[in-house]
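Okay, my_file-v1.txt is below, compact mmCIF, N, CA and C atoms:
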```txt
# COMPACT_ATOMS: atom_id res chain seq x y z
N MET Z 1 -2.53 -9.28 -17.19
CA MET Z 1 -2.98 -10.62 -16.86
C MET Z 1 -3.09 -10.82 -15.36
N LEU Z 2 -2.18 -10.18 -14.62
CA LEU Z 2 -2.23 -10.36 -13.17
C LEU Z 2 -3.47 -9.71 -12.57
N SER Z 3 -3.81 -8.53 -13.05
CA SER Z 3 -5.01 -7.89 -12.50
C SER Z 3 -6.27 -8.66 -12.92
N ALA Z 4 -6.29 -9.17 -14.16
CA ALA Z 4 -7.43 -9.98 -14.61
C ALA Z 4 -7.52 -11.26 -13.79
N GLY Z 5 -6.38 -11.86 -13.50
CA GLY Z 5 -6.36 -13.07 -12.68
C GLY Z 5 -6.86 -12.80 -11.27
N ARG Z 6 -6.49 -11.63 -10.75
CA ARG Z 6 -6.95 -11.25 -9.40
C ARG Z 6 -8.46 -11.06 -9.39
N ARG Z 7 -8.96 -10.36 -10.39
CA ARG Z 7 -10.41 -10.13 -10.46
C ARG Z 7 -11.16 -11.43 -10.66
N LYS Z 8 -10.64 -12.31 -11.52
CA LYS Z 8 -11.28 -13.60 -11.77
C LYS Z 8 -11.34 -14.43 -10.49
N ALA Z 9 -10.29 -14.30 -9.66
CA ALA Z 9 -10.26 -15.02 -8.38
C ALA Z 9 -11.09 -14.33 -7.31
N ALA Z 10 -11.72 -13.20 -7.66
CA ALA Z 10 -12.55 -12.42 -6.73
C ALA Z 10 -11.77 -12.01 -5.48
N ILE Z 11 -10.54 -11.54 -5.72
CA ILE Z 11 -9.68 -11.08 -4.63
C ILE Z 11 -9.46 -9.58 -4.82
N THR Z 12 -9.63 -8.81 -3.76
CA THR Z 12 -9.39 -7.38 -3.85
C THR Z 12 -7.89 -7.10 -3.80
N GLN Z 13 -7.51 -5.92 -4.23
CA GLN Z 13 -6.10 -5.52 -4.13
C GLN Z 13 -5.65 -5.57 -2.68
N THR Z 14 -6.49 -5.14 -1.78
CA THR Z 14 -6.15 -5.13 -0.36
C THR Z 14 -5.94 -6.55 0.17
N ASP Z 15 -6.82 -7.46 -0.19
CA ASP Z 15 -6.68 -8.85 0.26
C ASP Z 15 -5.42 -9.50 -0.30
N LEU Z 16 -5.14 -9.26 -1.57
CA LEU Z 16 -3.94 -9.82 -2.16
C LEU Z 16 -2.70 -9.23 -1.50
N ALA Z 17 -2.73 -7.93 -1.27
CA ALA Z 17 -1.59 -7.29 -0.61
C ALA Z 17 -1.32 -7.91 0.76
N LYS Z 18 -2.36 -8.17 1.51
CA LYS Z 18 -2.19 -8.81 2.82
C LYS Z 18 -1.56 -10.18 2.69
N GLN Z 19 -2.01 -10.96 1.70
CA GLN Z 19 -1.44 -12.29 1.48
C GLN Z 19 0.04 -12.22 1.11
N LEU Z 20 0.42 -11.15 0.42
CA LEU Z 20 1.80 -10.97 -0.02
C LEU Z 20 2.67 -10.30 1.04
N GLY Z 21 2.04 -9.77 2.08
CA GLY Z 21 2.79 -9.00 3.08
C GLY Z 21 3.22 -7.65 2.55
N LYS Z 22 2.42 -7.10 1.63
CA LYS Z 22 2.71 -5.81 0.99
C LYS Z 22 1.54 -4.87 1.23
N THR Z 23 1.67 -3.66 0.70
CA THR Z 23 0.58 -2.68 0.80
C THR Z 23 -0.33 -2.78 -0.42
N GLN Z 24 -1.53 -2.24 -0.29
CA GLN Z 24 -2.45 -2.18 -1.42
C GLN Z 24 -1.83 -1.35 -2.53
N GLN Z 25 -1.06 -0.33 -2.16
CA GLN Z 25 -0.40 0.53 -3.15
C GLN Z 25 0.57 -0.28 -4.01
N PHE Z 26 1.26 -1.25 -3.43
CA PHE Z 26 2.16 -2.12 -4.18
C PHE Z 26 1.40 -2.81 -5.31
N VAL Z 27 0.24 -3.40 -4.98
CA VAL Z 27 -0.57 -4.10 -5.97
C VAL Z 27 -1.06 -3.12 -7.03
N SER Z 28 -1.55 -1.99 -6.60
CA SER Z 28 -2.05 -0.98 -7.53
C SER Z 28 -0.95 -0.53 -8.50
N GLU Z 29 0.24 -0.32 -7.98
CA GLU Z 29 1.33 0.17 -8.82
C GLU Z 29 1.76 -0.84 -9.88
N TYR Z 30 1.86 -2.13 -9.53
CA TYR Z 30 2.26 -3.06 -10.59
C TYR Z 30 1.12 -3.31 -11.56
N GLU Z 31 -0.12 -3.27 -11.08
CA GLU Z 31 -1.25 -3.47 -11.99
C GLU Z 31 -1.39 -2.32 -12.98
N SER Z 32 -1.03 -1.13 -12.57
CA SER Z 32 -1.14 0.03 -13.46
C SER Z 32 0.12 0.25 -14.30
N GLY Z 33 1.14 -0.56 -14.08
CA GLY Z 33 2.38 -0.43 -14.84
C GLY Z 33 3.35 0.58 -14.29
N GLU Z 34 3.03 1.15 -13.12
CA GLU Z 34 3.93 2.12 -12.50
C GLU Z 34 5.13 1.46 -11.85
N ARG Z 35 5.02 0.18 -11.58
CA ARG Z 35 6.08 -0.55 -10.89
C ARG Z 35 6.34 -1.86 -11.60
N ARG Z 36 7.61 -2.21 -11.67
CA ARG Z 36 7.99 -3.51 -12.23
C ARG Z 36 8.13 -4.51 -11.10
N LEU Z 37 7.94 -5.76 -11.45
CA LEU Z 37 8.09 -6.83 -10.48
C LEU Z 37 9.38 -7.59 -10.74
N ASP Z 38 10.02 -8.03 -9.67
CA ASP Z 38 11.14 -8.93 -9.88
C ASP Z 38 10.58 -10.35 -9.98
N ALA Z 39 11.44 -11.29 -10.33
CA ALA Z 39 10.98 -12.66 -10.60
C ALA Z 39 10.33 -13.30 -9.38
N ILE Z 40 10.87 -13.06 -8.21
CA ILE Z 40 10.33 -13.65 -6.98
C ILE Z 40 8.94 -13.07 -6.69
N GLU Z 41 8.80 -11.76 -6.81
CA GLU Z 41 7.49 -11.13 -6.59
C GLU Z 41 6.47 -11.68 -7.58
N PHE Z 42 6.87 -11.77 -8.85
CA PHE Z 42 5.98 -12.27 -9.90
C PHE Z 42 5.52 -13.69 -9.58
N ALA Z 43 6.46 -14.55 -9.22
CA ALA Z 43 6.12 -15.94 -8.90
C ALA Z 43 5.20 -16.02 -7.69
N ASP Z 44 5.46 -15.19 -6.68
CA ASP Z 44 4.63 -15.18 -5.47
C ASP Z 44 3.21 -14.74 -5.79
N ILE Z 45 3.08 -13.71 -6.60
CA ILE Z 45 1.75 -13.22 -6.98
C ILE Z 45 1.00 -14.30 -7.76
N CYS Z 46 1.68 -14.91 -8.73
CA CYS Z 46 1.05 -15.99 -9.50
C CYS Z 46 0.57 -17.10 -8.58
N ASP Z 47 1.42 -17.47 -7.61
CA ASP Z 47 1.05 -18.52 -6.66
C ASP Z 47 -0.21 -18.16 -5.89
N LYS Z 48 -0.27 -16.93 -5.39
CA LYS Z 48 -1.43 -16.50 -4.61
C LYS Z 48 -2.70 -16.46 -5.45
N LEU Z 49 -2.55 -16.22 -6.75
CA LEU Z 49 -3.71 -16.13 -7.64
C LEU Z 49 -4.03 -17.45 -8.33
N GLY Z 50 -3.21 -18.47 -8.08
CA GLY Z 50 -3.43 -19.76 -8.71
C GLY Z 50 -3.11 -19.77 -10.20
N LEU Z 51 -2.18 -18.89 -10.59
CA LEU Z 51 -1.78 -18.80 -11.99
C LEU Z 51 -0.45 -19.51 -12.20
N ASP Z 52 -0.26 -20.08 -13.38
CA ASP Z 52 1.01 -20.69 -13.75
C ASP Z 52 1.92 -19.58 -14.31
N PRO Z 53 3.03 -19.29 -13.64
CA PRO Z 53 3.90 -18.21 -14.10
C PRO Z 53 4.35 -18.38 -15.56
N ALA Z 54 4.66 -19.61 -15.97
CA ALA Z 54 5.11 -19.85 -17.34
C ALA Z 54 3.99 -19.52 -18.33
N ALA Z 55 2.77 -19.87 -18.00
CA ALA Z 55 1.63 -19.58 -18.88
C ALA Z 55 1.41 -18.08 -19.00
N VAL Z 56 1.57 -17.36 -17.90
CA VAL Z 56 1.41 -15.89 -17.93
C VAL Z 56 2.48 -15.30 -18.84
N LEU Z 57 3.73 -15.74 -18.68
CA LEU Z 57 4.81 -15.22 -19.51
C LEU Z 57 4.60 -15.57 -20.98
N ASP Z 58 4.13 -16.78 -21.27
CA ASP Z 58 3.85 -17.16 -22.65
C ASP Z 58 2.79 -16.25 -23.26
N GLU Z 59 1.81 -15.88 -22.47
CA GLU Z 59 0.73 -15.01 -22.95
C GLU Z 59 1.23 -13.59 -23.20
N VAL Z 60 2.10 -13.12 -22.35
CA VAL Z 60 2.57 -11.73 -22.41
C VAL Z 60 3.70 -11.54 -23.42
N ALA Z 61 4.52 -12.55 -23.63
CA ALA Z 61 5.72 -12.43 -24.46
C ALA Z 61 5.48 -11.80 -25.83
N PRO Z 62 4.44 -12.18 -26.57
CA PRO Z 62 4.25 -11.58 -27.89
C PRO Z 62 3.96 -10.08 -27.86
N HIS Z 63 3.58 -9.56 -26.70
CA HIS Z 63 3.18 -8.16 -26.59
C HIS Z 63 4.29 -7.28 -26.02
N ILE Z 64 5.40 -7.84 -25.67
CA ILE Z 64 6.46 -7.08 -24.99
C ILE Z 64 6.88 -5.87 -25.81
N GLY Z 65 7.16 -6.03 -27.08
CA GLY Z 65 7.57 -4.90 -27.92
C GLY Z 65 6.50 -3.84 -28.03
N ARG Z 66 5.25 -4.26 -28.16
CA ARG Z 66 4.15 -3.30 -28.29
C ARG Z 66 3.89 -2.53 -27.01
N LEU Z 67 4.32 -3.09 -25.88
CA LEU Z 67 4.12 -2.41 -24.61
C LEU Z 67 5.26 -1.45 -24.31
N GLY Z 68 6.21 -1.34 -25.22
CA GLY Z 68 7.33 -0.44 -25.01
C GLY Z 68 8.40 -1.03 -24.13
N LEU Z 69 8.31 -2.31 -23.85
CA LEU Z 69 9.32 -2.96 -23.03
C LEU Z 69 10.37 -3.56 -23.95
N ARG Z 70 11.58 -3.49 -23.54
CA ARG Z 70 12.66 -4.04 -24.33
C ARG Z 70 13.45 -5.02 -23.48
N LEU Z 71 13.75 -6.14 -24.05
CA LEU Z 71 14.62 -7.09 -23.39
C LEU Z 71 16.05 -6.68 -23.71
N ARG Z 72 16.86 -6.52 -22.68
CA ARG Z 72 18.24 -6.13 -22.90
C ARG Z 72 19.05 -7.29 -23.43
N LYS Z 73 19.88 -6.99 -24.39
CA LYS Z 73 20.77 -8.00 -24.93
C LYS Z 73 21.85 -8.25 -23.89
N ASN Z 74 22.21 -9.50 -23.72
CA ASN Z 74 23.26 -9.86 -22.78
C ASN Z 74 24.56 -9.17 -23.21
N PRO Z 75 25.19 -8.36 -22.32
CA PRO Z 75 26.38 -7.61 -22.71
C PRO Z 75 27.55 -8.50 -23.12
N THR Z 76 27.51 -9.77 -22.75
CA THR Z 76 28.60 -10.66 -23.12
C THR Z 76 28.39 -11.25 -24.51
N GLN Z 77 27.17 -11.05 -25.06
CA GLN Z 77 26.90 -11.55 -26.41
C GLN Z 77 27.41 -10.56 -27.43
N SER Z 78 27.91 -11.05 -28.54
CA SER Z 78 28.39 -10.17 -29.61
C SER Z 78 27.32 -9.95 -30.63
```
Re-express the file's structure as structure tokens.
Amino acid sequence: MLSAGRRKAAITQTDLAKQLGKTQQFVSEYESGERRLDAIEFADICDKLGLDPAAVLDEVAPHIGRLGLRLRKNPTQS
């Protein structure tokens, strides 16, 4: 969704990277799934692309299992 949002906004990876204070490689790596984003990076990227972070997460949530991602169970939960 982030790469689609970037393309829809007609922003290149290089331009987005400059706005984020990162390298083009940073953008390429998270778009290709080679790199994970922390919450702050995710929110910053959404902000730069004009995306609502909650809406992006709502869209992605149903696909988490199919993408091979697993949410860790809280170790304090029984």
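Restricting the calculation to all atoms listed in the file, the smallest distance between Cys46 (chain Z) and any of Z:Ser32, Z:Asp15, Z:Leu2, Z:Gly21 is found for Z:Leu2.
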Which of these, Z:Ala61, Z:Ala4, Z:Ile45, Z:Leu37, has the shortest distance to Leu20 (chain Z) once you count only N, CA and C atoms?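 Distance minimum relative to Leu20 (chain Z) lands on Z:Ile45.
Checking Z:Ala43, Z:Leu16, Z:Val27, Z:Ala10 one by one against Leu57 (chain Z), counting only C-alpha atoms, you find the shortest gap at Z:Ala43.
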Mind checking DSSP for chain Z and telling me the helix (DSSP H, G or I) residues as a VMD selection string? chain Z and resid 2 to 8 13 to 20 24 to 31 39 to 49 53 to 63
Between atom C of Thr12 (chain Z) and CA of Gln24 (chain Z) - distance in Å to one decimal: 7.7 Å
